[in-house]
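Coordinates from protein_35.txt are shown below (compact mmCIF, C-alpha atoms).
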```txt
# COMPACT_ATOMS: atom_id res chain seq x y z
CA MET A 1 9.19 -11.94 9.97
CA ARG A 2 8.00 -9.73 7.13
CA GLU A 3 4.24 -9.98 6.60
CA THR A 4 2.83 -10.21 3.09
CA LEU A 5 0.09 -7.84 1.96
CA THR A 6 -2.37 -10.73 2.12
CA GLU A 7 -1.40 -11.41 5.73
CA ILE A 8 -1.73 -7.72 6.62
CA LEU A 9 -5.17 -7.67 5.00
CA ASP A 10 -6.20 -10.83 6.85
CA LYS A 11 -5.16 -9.31 10.17
CA ARG A 12 -7.33 -6.24 9.52
CA VAL A 13 -10.24 -8.51 8.70
CA ALA A 14 -9.66 -10.50 11.89
CA SER A 15 -9.61 -7.28 13.92
CA GLY A 16 -12.96 -6.23 12.50
CA ALA A 17 -11.53 -3.19 10.70
CA LEU A 18 -12.41 -4.72 7.31
CA LYS A 19 -14.84 -7.30 5.99
CA ALA A 20 -13.51 -10.46 4.36
CA ASP A 21 -13.52 -10.17 0.56
CA PRO A 22 -11.82 -12.78 -1.67
CA GLN A 23 -11.56 -10.30 -4.55
CA GLN A 24 -9.60 -7.86 -2.40
CA ARG A 25 -7.38 -10.72 -1.21
CA GLU A 26 -6.63 -11.54 -4.85
CA VAL A 27 -5.51 -7.96 -5.49
CA ALA A 28 -3.23 -8.04 -2.43
CA ALA A 29 -1.56 -11.15 -3.88
CA LEU A 30 -1.10 -9.36 -7.22
CA LEU A 31 0.59 -6.42 -5.52
CA GLU A 32 2.99 -8.46 -3.39
CA PRO A 33 5.55 -9.14 -6.20
CA LEU A 34 5.62 -5.41 -7.01
CA ARG A 35 6.25 -4.65 -3.35
CA LEU A 36 9.10 -7.17 -3.20
CA TRP A 37 10.72 -5.75 -6.34
CA LEU A 38 10.50 -2.18 -5.06
CA GLU A 39 12.07 -3.14 -1.74
CA THR A 40 14.91 -5.21 -3.20
CA GLN A 41 15.61 -4.07 -6.76
CA ALA A 42 14.32 -0.55 -7.42
CA ASP A 43 17.41 1.28 -6.14
CA ARG A 44 20.04 -1.28 -7.13
CA ARG A 45 22.71 0.18 -9.41
CA THR A 46 25.07 -1.60 -11.77
CA GLY A 47 28.68 -0.82 -12.69
CA LEU A 48 31.94 -0.33 -10.81
CA PHE A 49 30.97 2.96 -9.20
CA LYS A 50 27.49 3.59 -7.92
CA GLY A 51 26.16 6.74 -9.51
CA LEU A 52 28.30 6.55 -12.66
CA LEU A 53 26.39 3.78 -14.35
CA THR A 54 22.91 4.40 -13.01
CA LYS A 55 20.71 2.24 -15.17
CA ALA A 56 18.38 0.45 -12.80
CA PRO A 57 16.91 -3.00 -13.44
CA ALA A 58 13.84 -2.89 -15.67
CA PRO A 59 10.76 -2.71 -13.45
CA PRO A 60 7.90 -5.20 -13.66
CA LYS A 61 4.54 -4.23 -15.05
CA GLY A 62 2.47 -1.82 -13.01
CA LEU A 63 -1.13 -2.43 -11.97
CA TYR A 64 -4.27 -0.80 -13.37
CA LEU A 65 -7.02 -1.66 -10.89
CA TRP A 66 -10.54 -0.77 -11.94
CA GLY A 67 -14.02 -1.35 -10.58
CA GLY A 68 -17.12 0.40 -9.31
CA VAL A 69 -17.21 3.03 -6.62
CA GLY A 70 -16.80 1.72 -3.07
CA ARG A 71 -15.20 -1.63 -3.92
CA GLY A 72 -12.05 -1.02 -1.87
CA LYS A 73 -9.62 0.03 -4.61
CA SER A 74 -8.25 3.05 -2.74
CA MET A 75 -7.97 1.08 0.50
CA LEU A 76 -5.90 -1.60 -1.23
CA MET A 77 -3.63 0.93 -2.87
CA ASP A 78 -3.09 2.73 0.44
CA LEU A 79 -2.28 -0.61 2.08
CA PHE A 80 0.29 -1.33 -0.65
CA VAL A 81 1.94 2.09 -0.47
CA GLU A 82 2.03 2.12 3.32
CA ALA A 83 3.52 -1.39 3.53
CA THR A 84 6.16 -0.93 0.82
CA GLU A 85 9.43 -0.03 2.54
CA THR A 86 10.94 2.62 0.30
CA LYS A 87 11.17 6.36 0.85
CA ARG A 88 10.96 6.99 -2.87
CA LYS A 89 7.21 6.60 -3.16
CA ARG A 90 4.33 8.95 -3.74
CA ARG A 91 0.57 8.49 -3.55
CA VAL A 92 -1.43 11.24 -5.29
CA HIS A 93 -4.89 11.81 -6.72
CA PHE A 94 -4.64 11.54 -10.51
CA HIS A 95 -6.45 14.84 -11.14
CA ALA A 96 -4.11 16.71 -8.80
CA PHE A 97 -1.05 15.15 -10.46
CA MET A 98 -2.17 16.18 -13.94
CA GLN A 99 -2.76 19.71 -12.71
CA GLU A 100 0.83 19.71 -11.39
CA ALA A 101 2.02 18.55 -14.81
CA HIS A 102 0.20 21.37 -16.62
CA HIS A 103 1.48 23.94 -14.15
CA ALA A 104 5.06 22.68 -14.59
CA MET A 105 4.70 22.73 -18.39
CA HIS A 106 3.48 26.31 -18.28
CA ALA A 107 6.49 27.32 -16.17
CA ALA A 108 8.85 25.52 -18.58
CA ARG A 109 7.36 27.32 -21.57
CA GLN A 110 7.82 30.62 -19.80
CA LYS A 111 11.54 29.78 -19.65
CA GLY A 112 11.66 28.93 -23.35
CA ILE A 113 12.19 25.19 -22.83
CA ALA A 114 11.28 23.40 -26.07
CA ASP A 115 10.09 20.15 -24.50
CA ALA A 116 7.96 21.55 -21.70
CA LEU A 117 7.04 18.12 -20.31
CA ALA A 118 10.61 16.82 -19.97
CA PRO A 119 11.67 18.73 -16.81
CA PHE A 120 8.55 17.61 -14.93
CA ALA A 121 9.04 13.97 -15.90
CA ALA A 122 12.74 14.13 -15.07
CA GLN A 123 12.01 15.47 -11.58
CA ILE A 124 9.48 12.70 -10.89
CA ILE A 125 11.96 10.06 -12.11
CA ALA A 126 14.67 11.51 -9.86
CA ASP A 127 12.43 11.55 -6.79
CA VAL A 128 10.15 8.54 -7.11
CA ARG A 129 10.32 4.80 -7.75
CA LEU A 130 6.69 4.06 -6.85
CA LEU A 131 3.96 6.36 -8.13
CA ALA A 132 0.43 5.49 -6.99
CA PHE A 133 -2.50 7.27 -8.61
CA ASP A 134 -6.00 7.25 -7.18
CA GLU A 135 -9.04 7.50 -9.45
CA MET A 136 -7.59 7.84 -12.93
CA GLN A 137 -10.11 9.46 -15.22
CA ILE A 138 -9.60 11.50 -18.37
CA ASN A 139 -12.27 14.09 -19.03
CA ASP A 140 -10.16 16.95 -20.35
CA ILE A 141 -8.53 17.09 -23.79
CA THR A 142 -5.45 18.76 -22.31
CA ASP A 143 -4.95 15.75 -20.01
CA ALA A 144 -5.65 13.35 -22.89
CA MET A 145 -2.95 14.93 -25.04
CA VAL A 146 -0.31 14.83 -22.28
CA VAL A 147 -0.84 11.64 -20.29
CA GLY A 148 0.40 9.14 -22.88
CA ARG A 149 3.79 10.74 -23.39
CA LEU A 150 4.16 11.42 -19.67
CA PHE A 151 3.56 7.75 -18.81
CA GLU A 152 6.02 6.66 -21.52
CA MET A 153 8.72 8.87 -19.99
CA LEU A 154 8.05 7.73 -16.43
CA LEU A 155 8.01 4.05 -17.33
CA ALA A 156 11.20 4.42 -19.37
CA GLY A 157 12.77 6.08 -16.32
CA GLY A 158 12.08 3.03 -14.15
CA VAL A 159 9.05 4.34 -12.24
CA VAL A 160 6.56 1.70 -11.13
CA ILE A 161 3.02 2.98 -11.54
CA VAL A 162 -0.06 1.65 -9.77
CA THR A 163 -3.40 3.28 -10.47
CA THR A 164 -7.07 2.86 -9.62
CA SER A 165 -9.97 3.81 -11.85
CA ASN A 166 -13.74 3.44 -11.94
CA ARG A 167 -13.62 2.25 -15.55
CA PRO A 168 -11.63 -0.10 -17.80
CA PRO A 169 -8.89 1.40 -19.97
CA GLU A 170 -11.07 1.26 -23.10
CA ASP A 171 -13.61 3.60 -21.47
CA LEU A 172 -11.10 6.33 -20.58
CA TYR A 173 -11.82 9.58 -22.41
CA LYS A 174 -14.80 7.86 -24.03
CA ASN A 175 -16.44 10.03 -26.71
CA GLY A 176 -13.79 12.69 -26.09
CA LEU A 177 -12.68 15.22 -28.68
CA ASN A 178 -10.04 13.78 -31.06
CA ARG A 179 -10.17 10.50 -29.11
CA VAL A 180 -8.32 8.70 -31.91
CA LEU A 181 -5.18 10.49 -30.72
CA PHE A 182 -5.72 9.00 -27.27
CA LEU A 183 -5.96 5.37 -28.38
CA PRO A 184 -2.17 4.72 -28.22
CA PHE A 185 -2.32 5.44 -24.49
CA ILE A 186 -4.93 2.71 -24.03
CA ALA A 187 -2.61 0.33 -25.90
CA LEU A 188 0.24 1.40 -23.60
CA ILE A 189 -1.87 0.57 -20.53
CA ARG A 190 -2.68 -2.86 -21.92
CA ASP A 191 0.98 -3.51 -22.75
CA LYS A 192 2.76 -2.12 -19.70
CA PHE A 193 0.24 -2.80 -16.92
CA VAL A 194 -1.56 -5.74 -15.45
CA VAL A 195 -5.20 -4.71 -15.89
CA HIS A 196 -7.35 -6.19 -13.16
CA ALA A 197 -11.06 -5.73 -12.48
CA LEU A 198 -12.11 -5.62 -8.83
CA GLN A 199 -15.54 -7.18 -9.21
CA SER A 200 -16.56 -7.36 -5.58
CA PRO A 201 -20.37 -7.19 -5.33
CA SER A 202 -20.07 -5.04 -2.22
CA ASP A 203 -20.04 -1.26 -2.30
CA TYR A 204 -18.51 -0.65 1.12
CA ARG A 205 -19.03 3.08 1.01
CA GLN A 206 -22.71 2.59 0.19
CA HIS A 207 -23.10 -0.02 2.91
CA ARG A 208 -21.68 2.37 5.48
CA LEU A 209 -24.38 4.87 4.52
CA GLU A 210 -27.29 2.43 4.34
CA GLY A 211 -29.93 3.66 6.74
CA ALA A 212 -27.60 6.42 7.95
CA GLN A 213 -28.63 10.01 8.34
CA VAL A 214 -26.71 12.22 5.88
CA TYR A 215 -28.26 15.67 6.52
CA PHE A 216 -27.93 17.02 10.07
CA HIS A 217 -29.47 20.07 11.69
CA PRO A 218 -28.78 22.06 13.72
CA ALA A 219 -25.14 21.86 12.75
CA GLY A 220 -23.78 22.40 16.24
CA LYS A 221 -25.00 18.99 17.44
CA ALA A 222 -23.85 16.99 14.43
CA GLY A 223 -20.15 16.61 15.21
CA PRO A 224 -20.10 13.14 16.85
CA ALA A 225 -22.39 11.59 14.22
CA ILE A 226 -20.36 12.99 11.33
CA ASP A 227 -17.11 11.93 13.03
CA ALA A 228 -18.44 8.36 13.14
CA LEU A 229 -19.43 8.42 9.46
CA TRP A 230 -16.05 9.88 8.48
CA LEU A 231 -14.11 7.17 10.34
CA GLY A 232 -16.19 4.46 8.70
CA LEU A 233 -15.80 5.92 5.21
CA VAL A 234 -12.03 6.43 5.27
CA ALA A 235 -11.66 2.88 6.64
CA GLY A 236 -8.20 3.42 8.08
CA ALA A 237 -6.77 5.01 4.92
CA ALA A 238 -4.12 7.73 5.23
CA VAL A 239 -5.78 11.13 5.69
CA GLY A 240 -4.25 14.35 4.38
CA PRO A 241 -5.04 17.46 2.36
CA LEU A 242 -5.92 17.22 -1.33
CA HIS A 243 -4.53 20.06 -3.45
CA LEU A 244 -6.09 20.86 -6.81
CA ALA A 245 -4.61 23.36 -9.25
CA VAL A 246 -7.30 25.27 -11.13
CA ASN A 247 -6.47 28.00 -13.63
CA GLY A 248 -3.12 28.71 -12.04
CA ARG A 249 -4.49 28.74 -8.47
CA MET A 250 -4.25 26.04 -5.83
CA ILE A 251 -7.30 25.08 -3.80
CA GLU A 252 -7.11 22.81 -0.78
CA LEU A 253 -9.51 20.27 0.65
CA PRO A 254 -8.07 19.95 4.17
CA LEU A 255 -9.09 16.34 4.85
CA TYR A 256 -9.14 13.68 2.14
CA ALA A 257 -8.90 9.88 2.07
CA ASN A 258 -10.38 6.94 0.21
CA GLY A 259 -12.22 9.18 -2.28
CA VAL A 260 -13.90 11.14 0.54
CA ALA A 261 -13.24 14.81 1.39
CA ARG A 262 -14.28 16.61 4.58
CA VAL A 263 -14.58 20.40 4.50
CA THR A 264 -16.51 23.26 6.06
CA PHE A 265 -18.94 25.59 4.31
CA TRP A 266 -16.38 28.36 4.77
CA ASP A 267 -13.63 26.34 3.09
CA LEU A 268 -15.59 26.26 -0.15
CA CYS A 269 -18.07 29.13 -0.08
CA ALA A 270 -16.35 32.00 1.77
CA LYS A 271 -13.45 32.13 -0.69
CA PRO A 272 -13.57 33.54 -4.24
CA MET A 273 -14.34 30.22 -5.92
CA GLY A 274 -16.36 29.61 -9.04
CA PRO A 275 -17.70 26.87 -11.33
CA ALA A 276 -14.22 25.72 -12.45
CA ASP A 277 -13.17 25.15 -8.84
CA TYR A 278 -16.30 23.20 -8.01
CA LEU A 279 -15.99 21.13 -11.19
CA ALA A 280 -12.44 20.19 -10.17
CA ILE A 281 -13.68 19.16 -6.71
CA ALA A 282 -16.57 17.15 -8.17
CA GLY A 283 -14.11 15.37 -10.45
CA ALA A 284 -11.74 14.58 -7.60
CA VAL A 285 -14.05 13.20 -4.89
CA ARG A 286 -16.82 10.65 -4.82
CA LEU A 287 -18.30 11.77 -1.49
CA LEU A 288 -18.14 15.18 0.17
CA ILE A 289 -18.76 15.91 3.85
CA LEU A 290 -19.74 19.60 4.09
CA GLU A 291 -20.06 20.95 7.62
CA GLY A 292 -21.48 24.13 9.11
CA ILE A 293 -23.85 25.45 6.43
CA PRO A 294 -25.22 28.62 8.05
CA GLN A 295 -28.54 30.38 7.71
CA LEU A 296 -28.42 32.11 4.31
CA SER A 297 -29.74 35.59 3.60
CA SER A 298 -28.88 38.90 1.96
CA SER A 299 -26.18 39.36 4.61
CA ASN A 300 -24.12 36.52 3.13
CA TYR A 301 -25.42 36.71 -0.43
CA ASN A 302 -22.08 35.98 -2.13
CA GLU A 303 -21.49 32.89 0.00
CA ALA A 304 -25.05 31.75 -0.71
CA LYS A 305 -24.52 32.11 -4.46
CA ARG A 306 -21.37 30.01 -4.27
CA PHE A 307 -23.22 27.41 -2.22
CA VAL A 308 -25.92 27.15 -4.89
CA THR A 309 -23.25 26.68 -7.58
CA LEU A 310 -21.48 24.07 -5.46
CA ILE A 311 -24.64 22.02 -4.90
CA ASP A 312 -25.58 22.23 -8.58
CA THR A 313 -22.12 20.95 -9.53
CA LEU A 314 -22.14 18.10 -7.02
CA TYR A 315 -25.65 17.15 -8.09
CA GLU A 316 -24.81 17.01 -11.79
CA ALA A 317 -21.66 14.97 -11.08
CA LYS A 318 -23.58 12.54 -8.80
CA VAL A 319 -21.21 13.18 -5.89
CA LYS A 320 -22.65 11.85 -2.64
CA LEU A 321 -23.12 14.46 0.08
CA ILE A 322 -23.17 14.41 3.87
CA CYS A 323 -23.74 17.79 5.48
CA SER A 324 -24.62 19.66 8.63
CA ALA A 325 -26.66 22.86 8.42
CA ALA A 326 -28.40 25.48 10.51
CA ASP A 327 -31.85 24.27 9.45
CA THR A 328 -33.74 22.03 7.05
CA PRO A 329 -33.06 22.61 3.33
CA GLU A 330 -36.35 24.49 2.89
CA ARG A 331 -35.58 26.85 5.77
CA LEU A 332 -31.96 27.61 5.01
CA TYR A 333 -32.69 30.63 2.82
CA ILE A 334 -36.05 32.16 3.57
CA GLU A 335 -35.51 35.89 3.01
CA GLY A 336 -33.57 38.27 0.81
CA GLU A 337 -32.47 38.32 -2.80
CA GLY A 338 -32.02 34.82 -4.17
CA SER A 339 -34.28 33.12 -1.61
CA PHE A 340 -36.98 32.33 -4.20
CA GLU A 341 -34.47 30.70 -6.59
CA PHE A 342 -33.05 28.67 -3.70
CA ALA A 343 -36.10 26.38 -3.85
CA ARG A 344 -34.36 24.32 -6.55
CA THR A 345 -31.25 23.94 -4.38
CA ALA A 346 -33.41 22.86 -1.41
CA SER A 347 -35.10 20.28 -3.61
CA ARG A 348 -31.73 18.93 -4.74
CA LEU A 349 -30.49 18.75 -1.16
CA ARG A 350 -33.58 16.65 -0.34
CA GLU A 351 -33.02 14.38 -3.33
CA MET A 352 -29.37 13.87 -2.43
CA GLN A 353 -30.40 12.47 0.95
CA ALA A 354 -31.96 9.37 -0.65
CA ALA A 355 -30.14 6.13 0.18
CA ASP A 356 -29.78 5.18 -3.50
CA TRP A 357 -28.91 8.64 -4.80
CA GLY A 358 -25.81 8.71 -6.97
CA SER A 359 -25.62 4.91 -7.25
```

As structure tokens, please, write out the structure in this file.
Amino acid sequence: MRETLTEILDKRVASGALKADPQQREVAALLEPLRLWLETQADRRTGLFKGLLTKAPAPPKGLYLWGGVGRGKSMLMDLFVEATETKRKRRVHFHAFMQEAHHAMHAARQKGIADALAPFAAQIIADVRLLAFDEMQINDITDAMVVGRLFEMLLAGGVVIVTTSNRPPEDLYKNGLNRVLFLPFIALIRDKFVVHALQSPSDYRQHRLEGAQVYFHPAGKAGPAIDALWLGLVAGAAVGPLHLAVNGRMIELPLYANGVARVTFWDLCAKPMGPADYLAIAGAVRLLILEGIPQLSSSNYNEAKRFVTLIDTLYEAKVKLICSAADTPERLYIEGEGSFEFARTASRLREMQAADWGS
């Protein structure tokens, strides 16, 4: 017999994989009718010949699920996507999706297409019936000017959209440039989505780090401890690479799930990355596991400079950090050009180890 999302969630609680949470159970019940519609109605066609008259039944409202960091929003969305039996589904980080949209619009303009957004929307509509976004946030005016029309096109094309966010719709793009032009999108969210606040008092990500060591040295002995933290943080969510398009280039975080990315020092600091790349990463993840920070010196000066920029960016964005390094923060960079200025970075690395940092 087909299990409901609530029953699947209850089984995971019974197994010890999750803690019981009535607020999360309520969300599972909200998602179940969407799941049923997608499995039974999304691909149904009308007319005498399938494919000639292809207007699909009007989809139900999507879900806009918002709440604080670590409340289980991403876990619930992953549960929904995984359990919904349709091949025409896609789960993607909102920032990465908007970068795809801008890249596709640029390519369309290069071809002289007047409505540069239309081909991208049409392709999504052709491929997808369920589109699940993680961590919707609007910080960029280019996203703000595109997202409303893009959502209108996708919804009109029969795509069911489910999205998570750390803030209510009214706080999206708050204090942004020309925000008045963005207000119709907020009205669209309120009209076309069920807006639900996940108000669980528990921050599961924070609880998993309470009392836990988050800075390990020497790096070579840290693997098992970081593996254990990683497994607890992703909480059974689907793990895969996160791709972010930045200024026409694609950067990859090889392991990503549940708002957490796991990378090596060399993934982020040995490649020609700069502030824009690190800003994109800081906007896309809530916690970063950074492994294998080496001893820094004049021999790896360029990598050290990138590391300083990365830490500054994560610090300003309040991204939580777990890392393994060759030595303590104060002894990572003790000689060569840049070692004196590194004192600020060492201080920030110390501050970011505090249990309540970034809360």

Fill in the blank from the handout: From atom CA of A:Leu188 to atom CA of A:Leu65 the spacing works out at 15.0 Å

Practice task
State, in Å with one decimal place, the distance from atom CA of A:Leu321 to atom CA of A:Leu349.
Solution key: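 Distance reported for this atom pair: 8.6 Å.
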
Handout entry: Distance query A:Pro254 at most 9 Å, all atoms listed in the file, self and fewer than 2 positions along chain excluded, as a list in words
Key = Gly240, Pro241, Leu242, His243, Glu252, Tyr256, Ala261, Arg262, Val263 and Asp267 of chain A

Exercise for the section: Write out as a list in words which residues come within 10 Å of stretch 329-344 of chain A when counting only C-alpha atoms, dropping same-chain ones fewer than 5 positions away. Expected result: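 Result of the neighbour search: Tyr215, His217, Ile293, Pro294, Gln295, Leu296, Ser297, Ser298, Ser299, Asn300, Tyr301, Ala304, Lys305, Val308, Asp312, Leu349 and Arg350 of chain A.
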
Exercise for the section: Starting from the point (-13.6, 11.4, -0.8), work out which residues of protein, DNA or RNA have an atom no more than 9 Å away when counting all atoms listed in the file; state them as a VMD selection string. Expected result: chain A and resid 233 to 234 255 to 262 284 to 289

Exercise for the section: Between atom CA of A:Leu244 and atom CA of A:Ala282, measure the distance and give it in Å to one decimal. Expected result: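 Atom CA of A:Leu244 sits 11.2 Å away from atom CA of A:Ala282.
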
Exercise for the section: Return the single residue from A:Phe265, A:Phe97, A:Trp357, A:Phe182 that is closest to A:Glu135, with distances computed using all atoms listed in the file. Expected result: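 Ranking A:Phe265, A:Phe97, A:Trp357, A:Phe182 by distance to A:Glu135, first place goes to A:Phe97.
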
Exercise on stretch 164-180 of chain A, axis-aligned box with 5 Å per side, report centre and edge lengths in Å to one decimal, as lines of an AutoDock Vina configuration file:
```
center_x = -11.8
center_y = 7.6
center_z = -20.8
size_x = 19.4
size_y = 25.3
size_z = 32.3
```

Problem - Radius query 12 Å about (-15.4, -3.9, 10.3), atoms used: all atoms listed in the file, as a list of chain:residue names - result: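 The requested residues, written out, are A:Lys11, A:Arg12, A:Val13, A:Ala14, A:Ser15, A:Gly16, A:Ala17, A:Leu18, A:Lys19, A:Ala20, A:Asp21, A:Tyr204, A:His207, A:Arg208, A:Leu231, A:Gly232, A:Leu233, A:Val234, A:Ala235, A:Gly236.
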
Handout entry: For A:Thr163, the nearest of the candidates A:Gly62, A:Gly220, A:Gly112, A:Gly67, counting all atoms listed in the file
Key =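 That would be A:Gly62, the residue with the smallest distance to A:Thr163.
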
Practice task
Give the answer as one residue: which of A:Leu183, A:Ala280, A:Ala156, A:Ala108 has the shortest atom-to-atom distance to A:Phe94, using all atoms listed in the file?
Solution key: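 Between A:Leu183, A:Ala280, A:Ala156, A:Ala108, the residue approaching A:Phe94 most closely is A:Ala280.
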
Problem - Best match for closeness to A:Pro168 among A:Arg88, A:His95, A:Tyr64, A:Pro22, counting all atoms listed in the file - result: A:Tyr64

Handout entry: Pick from A:Gln99, A:Thr309, A:Thr4, A:Gln24 nearest to A:Asp140, counting all atoms listed in the file
Key =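 With all atoms listed in the file as the atom set, the closest residue is A:Gln99.
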
Handout entry: From A:Ile8, A:Leu38, A:Ala114, A:Ala237, residue lying nearest A:Gly72 [only C-alpha atoms]
Key =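 Looking at the shortest contact to A:Gly72, the residue is A:Ala237.
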
Kindly output stretch 93-115 of chain A as an mmCIF file, keeping the file's coordinate frame, after building N, CA and C atoms.
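The file below, out-v7.cif, is the result:
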```cif
data_model
loop_
_atom_site.group_PDB
_atom_site.id
_atom_site.type_symbol
_atom_site.label_atom_id
_atom_site.label_comp_id
_atom_site.auth_asym_id
_atom_site.auth_seq_id
_atom_site.Cartn_x
_atom_site.Cartn_y
_atom_site.Cartn_z
ATOM 1 N N HIS A 93 -3.670 11.884 -5.917
ATOM 2 C CA HIS A 93 -4.890 11.810 -6.720
ATOM 3 C C HIS A 93 -4.528 12.152 -8.167
ATOM 4 N N PHE A 94 -5.038 11.381 -9.113
ATOM 5 C CA PHE A 94 -4.640 11.540 -10.510
ATOM 6 C C PHE A 94 -4.935 12.961 -11.017
ATOM 7 N N HIS A 95 -6.093 13.494 -10.677
ATOM 8 C CA HIS A 95 -6.450 14.840 -11.140
ATOM 9 C C HIS A 95 -5.441 15.871 -10.632
ATOM 10 N N ALA A 96 -5.066 15.762 -9.365
ATOM 11 C CA ALA A 96 -4.110 16.710 -8.800
ATOM 12 C C ALA A 96 -2.747 16.582 -9.485
ATOM 13 N N PHE A 97 -2.342 15.359 -9.796
ATOM 14 C CA PHE A 97 -1.050 15.150 -10.460
ATOM 15 C C PHE A 97 -1.042 15.774 -11.851
ATOM 16 N N MET A 98 -2.127 15.601 -12.596
ATOM 17 C CA MET A 98 -2.170 16.180 -13.940
ATOM 18 C C MET A 98 -2.184 17.703 -13.882
ATOM 19 N N GLN A 99 -2.811 18.264 -12.871
ATOM 20 C CA GLN A 99 -2.760 19.710 -12.710
ATOM 21 C C GLN A 99 -1.328 20.172 -12.427
ATOM 22 N N GLU A 100 -0.592 19.403 -11.633
ATOM 23 C CA GLU A 100 0.830 19.710 -11.390
ATOM 24 C C GLU A 100 1.600 19.689 -12.709
ATOM 25 N N ALA A 101 1.322 18.683 -13.531
ATOM 26 C CA ALA A 101 2.020 18.550 -14.810
ATOM 27 C C ALA A 101 1.765 19.769 -15.699
ATOM 28 N N HIS A 102 0.521 20.202 -15.784
ATOM 29 C CA HIS A 102 0.200 21.370 -16.620
ATOM 30 C C HIS A 102 0.846 22.638 -16.085
ATOM 31 N N HIS A 103 0.852 22.766 -14.760
ATOM 32 C CA HIS A 103 1.480 23.940 -14.150
ATOM 33 C C HIS A 103 2.978 23.947 -14.446
ATOM 34 N N ALA A 104 3.619 22.773 -14.324
ATOM 35 C CA ALA A 104 5.060 22.680 -14.590
ATOM 36 C C ALA A 104 5.364 22.948 -16.065
ATOM 37 N N MET A 105 4.506 22.484 -16.961
ATOM 38 C CA MET A 105 4.700 22.730 -18.390
ATOM 39 C C MET A 105 4.582 24.214 -18.718
ATOM 40 N N HIS A 106 3.633 24.867 -18.065
ATOM 41 C CA HIS A 106 3.480 26.310 -18.280
ATOM 42 C C HIS A 106 4.735 27.058 -17.831
ATOM 43 N N ALA A 107 5.272 26.669 -16.669
ATOM 44 C CA ALA A 107 6.490 27.320 -16.170
ATOM 45 C C ALA A 107 7.665 27.062 -17.110
ATOM 46 N N ALA A 108 7.753 25.842 -17.660
ATOM 47 C CA ALA A 108 8.850 25.520 -18.580
ATOM 48 C C ALA A 108 8.744 26.334 -19.868
ATOM 49 N N ARG A 109 7.541 26.516 -20.357
ATOM 50 C CA ARG A 109 7.360 27.320 -21.570
ATOM 51 C C ARG A 109 7.753 28.763 -21.338
ATOM 52 N N GLN A 110 7.452 29.246 -20.134
ATOM 53 C CA GLN A 110 7.820 30.620 -19.800
ATOM 54 C C GLN A 110 9.342 30.815 -19.846
ATOM 55 N N LYS A 111 10.076 29.727 -19.616
ATOM 56 C CA LYS A 111 11.540 29.780 -19.650
ATOM 57 C C LYS A 111 12.102 29.472 -21.032
ATOM 58 N N GLY A 112 11.214 29.200 -21.995
ATOM 59 C CA GLY A 112 11.660 28.930 -23.350
ATOM 60 C C GLY A 112 12.136 27.508 -23.575
ATOM 61 N N ILE A 113 11.781 26.584 -22.673
ATOM 62 C CA ILE A 113 12.190 25.190 -22.830
ATOM 63 C C ILE A 113 11.343 24.543 -23.919
ATOM 64 N N ALA A 114 11.989 23.938 -24.916
ATOM 65 C CA ALA A 114 11.280 23.400 -26.070
ATOM 66 C C ALA A 114 10.369 22.239 -25.700
ATOM 67 N N ASP A 115 10.885 21.292 -24.939
ATOM 68 C CA ASP A 115 10.090 20.150 -24.500
ATOM 69 C C ASP A 115 9.598 20.433 -23.089
#
```
